[in-house]
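Have a look at target_1.cif; it's mmCIF, C-alpha atoms:
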data_run
#
loop_
_atom_site.label_atom_id
_atom_site.label_comp_id
_atom_site.auth_asym_id
_atom_site.auth_seq_id
_atom_site.Cartn_x
_atom_site.Cartn_y
_atom_site.Cartn_z
CA MET A 786 -34.61 17.96 -77.20
CA GLU A 787 -32.97 20.96 -75.56
CA SER A 788 -31.31 22.36 -78.68
CA LEU A 789 -34.54 22.69 -80.68
CA PRO A 790 -35.85 24.72 -82.41
CA LEU A 791 -32.92 25.35 -84.73
CA SER A 792 -32.36 28.72 -86.32
CA GLU A 793 -33.07 28.82 -90.04
CA PRO A 794 -29.42 29.12 -91.19
CA VAL A 795 -28.40 26.14 -89.04
CA LEU A 796 -31.37 24.09 -90.23
CA LEU A 797 -30.53 24.86 -93.86
CA ILE A 798 -26.86 23.94 -93.37
CA LEU A 799 -27.86 20.60 -91.83
CA VAL A 800 -30.37 19.92 -94.62
CA SER A 801 -27.72 20.77 -97.19
CA LEU A 802 -25.30 18.27 -95.64
CA ALA A 803 -28.01 15.61 -95.24
CA GLU A 804 -28.05 15.11 -98.99
CA GLN A 805 -24.29 14.76 -99.44
CA PRO A 806 -20.99 15.98 -97.98
CA ARG A 807 -20.11 19.46 -99.18
CA HIS A 808 -17.29 21.98 -98.93
CA GLY A 809 -17.79 25.55 -97.71
CA TYR A 810 -18.75 27.29 -100.92
CA SER A 811 -21.03 24.44 -101.97
CA ILE A 812 -22.91 24.82 -98.66
CA LEU A 813 -23.31 28.57 -99.28
CA LYS A 814 -24.70 28.01 -102.76
CA ASN A 815 -26.99 25.19 -101.70
CA VAL A 816 -28.45 27.16 -98.78
CA GLU A 817 -29.16 30.05 -101.13
CA GLU A 818 -30.84 27.73 -103.65
CA MET A 819 -32.94 25.93 -101.06
CA SER A 820 -34.26 29.18 -99.61
CA ASP A 821 -34.87 30.72 -103.07
CA GLY A 822 -32.31 33.40 -102.31
CA ARG A 823 -33.98 34.44 -99.07
CA VAL A 824 -31.12 33.20 -96.84
CA THR A 825 -27.71 34.32 -98.06
CA LEU A 826 -24.93 33.43 -95.66
CA SER A 827 -21.72 35.41 -95.67
CA THR A 828 -18.45 33.54 -95.36
CA GLY A 829 -17.97 34.84 -91.81
CA THR A 830 -21.43 33.67 -90.74
CA LEU A 831 -20.99 30.27 -92.40
CA TYR A 832 -17.71 29.52 -90.67
CA GLY A 833 -19.07 30.70 -87.31
CA ALA A 834 -21.89 28.19 -87.74
CA LEU A 835 -19.61 25.41 -88.98
CA ARG A 836 -17.25 25.87 -86.07
CA ARG A 837 -20.14 25.65 -83.64
CA LEU A 838 -21.59 22.56 -85.33
CA LEU A 839 -18.16 20.91 -85.32
CA GLU A 840 -17.75 21.61 -81.61
CA ASP A 841 -21.18 20.15 -80.91
CA ARG A 842 -20.29 17.15 -83.08
CA TRP A 843 -23.31 17.56 -85.33
CA ILE A 844 -21.01 17.64 -88.35
CA GLU A 845 -17.48 16.44 -89.06
CA ARG A 846 -14.73 17.61 -91.35
CA PHE A 847 -12.70 15.49 -93.73
CA LYS A 848 -10.41 15.92 -96.73
CA GLU A 849 -12.08 15.47 -100.09
CA GLU A 850 -10.27 12.67 -101.90
CA GLU A 851 -11.60 13.64 -105.33
CA SER A 852 -10.19 17.13 -105.10
CA SER A 853 -6.58 17.50 -106.23
CA ARG A 854 -6.09 20.23 -103.62
CA GLY A 855 -7.42 17.93 -100.90
CA ARG A 856 -9.77 20.60 -99.65
CA GLN A 857 -11.87 20.20 -96.54
CA ALA A 858 -15.47 19.07 -96.75
CA TYR A 859 -18.19 18.59 -94.16
CA ARG A 860 -20.70 15.83 -93.52
CA LEU A 861 -23.40 15.11 -90.96
CA THR A 862 -22.61 12.87 -88.00
CA ALA A 863 -25.13 10.38 -86.64
CA ARG A 864 -25.94 12.89 -83.92
CA GLY A 865 -26.45 15.69 -86.46
CA ARG A 866 -28.79 13.48 -88.46
CA GLN A 867 -30.73 12.64 -85.28
CA ILE A 868 -31.09 16.36 -84.43
CA LEU A 869 -32.21 17.11 -87.98
CA ARG A 870 -34.81 14.31 -87.88
CA ALA A 871 -36.14 15.65 -84.57
CA GLU A 872 -36.39 19.19 -85.97
CA VAL A 873 -38.11 18.05 -89.16
CA GLY A 874 -40.55 16.02 -87.03
CA ARG A 875 -41.23 19.09 -84.89
CA LEU A 876 -41.88 21.22 -87.98
CA LYS A 877 -44.17 18.56 -89.49
CA HIS A 878 -46.18 18.45 -86.28
CA LEU A 879 -46.48 22.26 -86.24
CA THR A 880 -47.60 22.28 -89.87
CA LYS A 881 -50.17 19.59 -89.18
CA MET A 882 -51.54 21.48 -86.16
CA ALA A 883 -51.71 24.70 -88.15
CA SER A 884 -53.50 23.04 -91.07
CA LEU A 885 -56.10 21.60 -88.68
CA ARG A 886 -56.81 24.99 -87.16
CA MET A 887 -56.67 27.25 -90.19
CA THR A 888 -59.24 27.55 -92.91
CA PRO A 889 -58.20 26.51 -96.45
CA LYS A 890 -58.46 30.17 -97.48
CA GLU A 891 -55.84 31.17 -94.95
CA MET A 892 -53.33 28.62 -96.17
CA MET B 1397 -12.17 43.26 -102.44
CA ALA B 1398 -10.25 39.94 -102.29
CA THR B 1399 -7.26 41.70 -100.70
CA LEU B 1400 -9.48 43.53 -98.21
CA SER B 1401 -11.19 40.26 -97.27
CA ARG B 1402 -7.83 38.59 -96.67
CA TYR B 1403 -6.82 41.48 -94.41
CA LEU B 1404 -10.12 41.20 -92.54
CA LEU B 1405 -9.34 37.55 -91.84
CA TYR B 1406 -6.47 38.82 -89.67
CA LEU B 1407 -9.08 40.23 -87.30
CA TYR B 1408 -10.03 36.68 -86.30
CA PRO B 1409 -8.30 35.00 -83.35
CA ALA B 1410 -5.13 33.15 -84.40
CA ALA B 1411 -6.57 29.73 -83.54
CA HIS B 1412 -9.57 30.33 -85.80
CA ARG B 1413 -7.31 31.55 -88.62
CA MET B 1414 -5.11 28.48 -88.32
CA GLU B 1415 -8.11 26.18 -88.56
CA PHE B 1416 -10.34 27.91 -91.09
CA GLY B 1417 -8.31 30.77 -92.60
CA GLU B 1418 -7.28 29.01 -95.81
CA GLU B 1419 -10.76 27.59 -96.38
CA MET B 1420 -12.40 30.96 -95.78
CA SER B 1421 -9.98 32.58 -98.18
CA ASP B 1422 -10.89 29.96 -100.84
CA VAL B 1423 -14.61 30.53 -100.29
CA LEU B 1424 -14.16 34.30 -100.55
CA SER B 1425 -12.26 33.87 -103.84
CA GLU B 1426 -14.95 31.58 -105.23
CA ARG B 1427 -17.62 34.07 -104.19
CA GLN B 1428 -15.68 36.86 -105.93
CA ASN B 1429 -15.43 34.84 -109.15
CA ASP B 1430 -19.13 34.11 -108.97
CA ILE B 1431 -20.38 37.63 -108.34
CA GLY B 1432 -17.96 39.05 -110.92
CA LYS B 1433 -20.48 37.91 -113.53
CA ARG B 1434 -23.33 39.91 -111.96
CA GLY B 1435 -24.19 43.60 -112.12
CA ALA B 1436 -22.47 46.37 -110.19
CA LEU B 1437 -25.27 46.70 -107.63
CA ALA B 1438 -25.27 42.96 -106.87
CA ARG B 1439 -21.48 43.10 -106.46
CA TRP B 1440 -21.72 46.02 -104.03
CA ILE B 1441 -24.40 44.28 -101.97
CA SER B 1442 -22.48 41.02 -101.89
CA ASN B 1443 -19.20 42.72 -100.97
CA GLY B 1444 -20.92 44.70 -98.21
CA ARG B 1445 -22.45 41.52 -96.84
CA GLU B 1446 -19.10 39.73 -96.88
CA ILE B 1447 -17.30 42.59 -95.13
CA GLY B 1448 -20.06 42.86 -92.53
CA GLY B 1449 -20.04 39.08 -92.04
CA LEU B 1450 -16.29 38.97 -91.54
CA LEU B 1451 -16.32 41.86 -89.05
CA ARG B 1452 -19.19 40.35 -87.11
CA GLY B 1453 -17.69 36.86 -87.29
CA ALA B 1454 -14.35 38.12 -85.96
CA ALA B 1455 -16.08 39.92 -83.08
CA GLN B 1456 -18.10 36.79 -82.24
CA GLU B 1457 -15.02 34.58 -82.31
CA HIS B 1458 -13.18 36.94 -79.95
CA LEU B 1459 -16.21 36.99 -77.66
CA ARG B 1460 -16.40 33.22 -77.77
CA ALA B 1461 -12.67 32.90 -77.07
CA ALA B 1462 -12.90 35.29 -74.11
CA THR B 1463 -16.13 34.14 -72.50
CA GLY B 1464 -17.25 30.89 -74.15
CA LEU B 1465 -20.47 32.62 -75.20
CA TYR B 1466 -21.98 32.38 -78.67
CA SER B 1467 -24.13 34.96 -80.34
CA ARG B 1468 -27.80 34.07 -80.04
CA GLU B 1469 -28.61 35.59 -83.38
CA GLU B 1470 -27.54 32.64 -85.50
CA PHE B 1471 -27.55 30.01 -82.83
CA PRO B 1472 -30.52 29.67 -80.55
CA ILE B 1473 -28.96 27.65 -77.74
CA ARG B 1474 -29.28 29.90 -74.75
CA ARG B 1475 -26.94 28.61 -72.16
CA MET B 1476 -23.30 29.37 -71.67
CA ARG B 1477 -20.97 27.06 -73.51
CA MET B 1478 -18.09 25.67 -71.52
CA ARG B 1479 -14.91 24.13 -72.72
CA THR B 1480 -14.64 20.50 -71.77
CA GLU B 1481 -10.89 20.19 -71.87
CA PHE B 1482 -10.14 22.34 -68.82
CA ARG B 1483 -11.13 22.49 -65.22
CA PHE B 1484 -9.87 25.32 -63.00
CA PRO B 1485 -6.49 26.47 -64.29
CA LYS B 1486 -3.71 25.66 -61.86
CA ALA B 1487 -2.88 29.35 -61.44
CA THR B 1488 -6.36 30.16 -60.05
CA PRO B 1489 -5.75 29.20 -56.38
CA VAL B 1490 -2.43 31.09 -56.42
CA LEU B 1491 -4.03 34.20 -57.90
CA MET B 1492 -6.90 34.01 -55.43
CA MET B 1493 -4.43 33.77 -52.53
CA VAL B 1494 -2.48 36.78 -53.85
CA ILE B 1495 -5.71 38.80 -54.09
CA LEU B 1496 -6.77 37.75 -50.58
CA VAL B 1497 -3.39 38.72 -49.11
CA ALA B 1498 -3.52 42.09 -50.91
CA VAL B 1499 -7.01 42.80 -49.55
CA LEU B 1500 -5.99 41.85 -45.99
CA MET B 1501 -2.89 44.02 -46.21
CA ALA B 1502 -4.97 46.97 -47.46
CA ILE B 1503 -7.36 46.55 -44.53
CA GLU B 1504 -4.48 46.46 -42.04
CA LYS B 1505 -2.86 49.51 -43.61
CA ALA B 1506 -6.13 51.45 -43.45
CA ARG B 1507 -6.53 50.49 -39.79
CA ALA B 1508 -2.96 51.64 -39.02
CA ILE B 1509 -3.59 55.00 -40.71
CA GLN B 1510 -6.84 55.42 -38.79
CA LEU B 1511 -5.06 54.77 -35.47
CA SER B 1512 -2.17 57.11 -36.31
CA VAL B 1513 -4.49 60.10 -36.86
CA PRO B 1514 -5.80 61.64 -33.62
CA PRO B 1515 -9.59 62.07 -33.49
CA SER B 1516 -9.30 65.86 -33.01
CA HIS B 1517 -7.10 66.30 -36.08
CA GLN B 1518 -8.60 69.15 -38.06
CA GLN B 1519 -6.98 68.34 -41.40
CA VAL B 1520 -8.87 65.12 -41.79
CA GLY B 1521 -12.57 65.55 -41.76
CA PRO B 1522 -15.58 63.92 -43.34
CA ILE B 1523 -15.60 64.20 -47.10
CA GLN B 1524 -17.93 66.98 -48.13
CA SER B 1525 -20.14 66.43 -51.10
CA ALA B 1526 -19.26 69.95 -52.27
CA ASN B 1527 -15.66 68.82 -52.74
CA PHE B 1528 -16.73 66.53 -55.58
CA THR B 1529 -16.54 68.00 -59.01
CA VAL B 1530 -17.89 66.46 -62.17
CA VAL B 1531 -14.56 65.14 -63.44
CA PRO B 1532 -13.47 63.25 -60.27
CA THR B 1533 -16.99 61.82 -59.92
CA PHE B 1534 -16.91 60.63 -63.50
CA GLY B 1535 -13.44 59.16 -62.92
CA LEU B 1536 -14.67 57.39 -59.81
CA LEU B 1537 -17.65 55.96 -61.69
CA LEU B 1538 -15.37 54.87 -64.52
CA LEU B 1539 -13.03 53.16 -62.05
CA LEU B 1540 -16.00 51.48 -60.37
CA GLY B 1541 -17.27 50.32 -63.77
CA CYS B 1542 -13.84 48.87 -64.61
CA VAL B 1543 -13.69 47.02 -61.30
CA VAL B 1544 -17.21 45.58 -61.76
CA GLY B 1545 -16.36 44.61 -65.34
CA ALA B 1546 -13.13 42.90 -64.25
CA ILE B 1547 -14.99 40.94 -61.56
CA ALA B 1548 -17.71 39.89 -64.04
CA TRP B 1549 -15.05 38.79 -66.53
CA ALA B 1550 -13.21 36.80 -63.83
CA VAL B 1551 -16.46 35.04 -62.83
CA ALA B 1552 -17.28 34.19 -66.47
CA TYR B 1553 -13.70 32.99 -67.02
CA ALA B 1554 -13.82 30.74 -63.97
CA LEU B 1555 -17.25 29.38 -64.97
CA ARG B 1556 -16.05 28.61 -68.46
CA ARG B 1557 -13.21 26.57 -67.10
CA SER B 1558 -15.07 24.95 -64.24
CA GLY B 1559 -15.77 21.64 -66.02
CA VAL B 1560 -19.51 21.78 -65.31
CA GLN B 1561 -20.22 20.63 -68.85
CA ARG B 1562 -17.96 17.62 -68.40
CA LEU B 1563 -20.01 16.62 -65.36
CA GLU B 1564 -23.17 16.90 -67.49
CA GLU B 1565 -21.59 14.71 -70.12
CA LEU B 1566 -20.69 12.10 -67.54
CA LYS B 1567 -24.28 12.08 -66.31
CA GLY B 1568 -26.08 11.88 -69.63
CA GLY B 1569 -23.91 11.86 -72.73
CA HIS B 1570 -23.12 15.02 -74.70
CA LYS B 1571 -26.03 17.23 -73.73
CA LEU B 1572 -26.63 20.15 -76.01
#
Would it be possible to restate this file's structure as structure tokens?
Amino acid sequence: MESLPLSEPVLLILVSLAEQPRHGYSILKNVEEMSDGRVTLSTGTLYGALRRLLEDRWIERFKEEESSRGRQAYRLTARGRQILRAEVGRLKHLTKMASLRMTPKEM
Amino acid sequence: MATLSRYLLYLYPAAHRMEFGEEMSDVLSERQNDIGKRGALARWISNGREIGGLLRGAAQEHLRAATGLYSREEFPIRRMRMRTEFRFPKATPVLMMVILVAVLMAIEKARAIQLSVPPSHQQVGPIQSANFTVVPTFGLLLLLGCVVGAIAWAVAYALRRSGVQRLEELKGGHKL
């Protein structure tokens, strides 16, 4: 797939949305949690990425019904899920190859 | 900080502000509430990151709006993005004709001037390199740079609107 490999922030955003739809701040928090604080997206970076993912139709935007303010939330599209599966498969393959070639001490 | 962030949102292109401005403002407020509970150093770091992110995001959005290019730092796709909704703008052939006519007229004018000056005319001679000073040379280089930049921008603008991506989509779905 031409678009792989994904950058880490994009991969983490997609993984975050794979679990459930989320609004902007929830994505920020979840990405931070998943990476143990290593990846901290700023608001500007997050919305640059979201805009790009929306344009590529990997994610879609909708109004949260539960929220009284009707704020916008994001969820993965079928295409986004397919890209994420392909990337996870690629990473699994890399990990497997590395584990075959590295000694247990190195890992 | 919240006020500064809201002002920084005005640096974004209007279309981006219309679409995401309110959401971004909400996220910034939530972030502020969250980091308010932390120490002073964490607040400074977080505020610095937010300001930097907004400045960089605004610059990237302007770049994207002008050229269709995305920063490669966050997004690894390496080819130029093109908007699908436009082909060549209708004004392009007219502008190209105007430029062509202007160039042809300039050539004719130069030829007329050349013919009007007798070959033995002493006032007009070859340009001596000694006549160049630093300032005119710099000005000439600056002008040349501007012309090259304008041509590069025009090429990128035409490519962005050329509909090449739409052709790709017709051939094989939405290729990324």
request  = Take the point (-25.6, 29.3, -98.5) as written in the file and pick out every residue within 8 Å of it, counting all atoms listed in the file; give the list as an NGL selection string.
outcome  = :A and (798 or 810-818 or 824-827 or 831)
request  = One decimal, Å: what's the distance from CA of Ser792 in chain A over to CA of Arg1402 in chain B, could you say?
outcome  =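 These two atoms are separated by 28.4 Å.
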task = May I have the residues of chain A within 8 Å of chain B, counting all atoms listed in the file, written as a list in words?
result =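 Taking all atoms listed in the file into account, Glu787, Ser788, Pro790, Leu791, Ser792, Pro794, Val795, Gly809, Tyr810, Ser827, Thr828, Gly829, Thr830, Tyr832, Gly833, Ala834, Asp841, Arg856 and Gln857 of chain A sit within 8 Å of chain B.
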I need the residues from that last selection saved to file as a PDB file, in the frame of the given file (with C-alpha atoms), if you can.
ATOM      1  CA  GLU A 787     -32.970  20.960 -75.560  1.00  0.00           C
ATOM      2  CA  SER A 788     -31.310  22.360 -78.680  1.00  0.00           C
ATOM      3  CA  PRO A 790     -35.850  24.720 -82.410  1.00  0.00           C
ATOM      4  CA  LEU A 791     -32.920  25.350 -84.730  1.00  0.00           C
ATOM      5  CA  SER A 792     -32.360  28.720 -86.320  1.00  0.00           C
ATOM      6  CA  PRO A 794     -29.420  29.120 -91.190  1.00  0.00           C
ATOM      7  CA  VAL A 795     -28.400  26.140 -89.040  1.00  0.00           C
ATOM      8  CA  GLY A 809     -17.790  25.550 -97.710  1.00  0.00           C
ATOM      9  CA  TYR A 810     -18.750  27.290-100.920  1.00  0.00           C
ATOM     10  CA  SER A 827     -21.720  35.410 -95.670  1.00  0.00           C
ATOM     11  CA  THR A 828     -18.450  33.540 -95.360  1.00  0.00           C
ATOM     12  CA  GLY A 829     -17.970  34.840 -91.810  1.00  0.00           C
ATOM     13  CA  THR A 830     -21.430  33.670 -90.740  1.00  0.00           C
ATOM     14  CA  TYR A 832     -17.710  29.520 -90.670  1.00  0.00           C
ATOM     15  CA  GLY A 833     -19.070  30.700 -87.310  1.00  0.00           C
ATOM     16  CA  ALA A 834     -21.890  28.190 -87.740  1.00  0.00           C
ATOM     17  CA  ASP A 841     -21.180  20.150 -80.910  1.00  0.00           C
ATOM     18  CA  ARG A 856      -9.770  20.600 -99.650  1.00  0.00           C
ATOM     19  CA  GLN A 857     -11.870  20.200 -96.540  1.00  0.00           C
TER      20      GLN A 857
END
Can you report as JSON the centre and edge lengths in Å, to one decimal, of an axis-aligned box around the listed atoms of range 789-808 of chain A padded with 3 Å on each side?
{"center_x": -26.6, "center_y": 21.9, "center_z": -90.1, "size_x": 24.6, "size_y": 20.4, "size_z": 24.8}
task = One decimal, Å: what's the distance from CA of Arg1413 in chain B over to CA of Arg842 in chain A, could you say?
result =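 Distance between the two atoms: 20.2 Å.
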Selection result for the PyMOL selection byres ((chain A and resi 805) around 9) on this file, as a list of chain:residue names =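 Against this file, the PyMOL selection byres ((chain A and resi 805) around 9) returns the residues A:Ser801, A:Leu802, A:Ala803, A:Glu804, A:Pro806, A:Arg807, A:Tyr859, A:Arg860, A:Leu861.
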task = For CA of Ala1398 in chain B and CA of Asn1429 in chain B, quote the distance in Å rounded to one decimal.
result =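 According to the coordinates, CA of Ala1398 in chain B and CA of Asn1429 in chain B are separated by 10.0 Å.
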message = Can you tell me which residues surround range 864-870 of chain A at a distance of at most 7 Å, considering all atoms listed in the file, apart from same-chain residues fewer than 5 positions away, and format the answer as a list in words?
response = Leu799, Trp843 and Ile844 of chain A
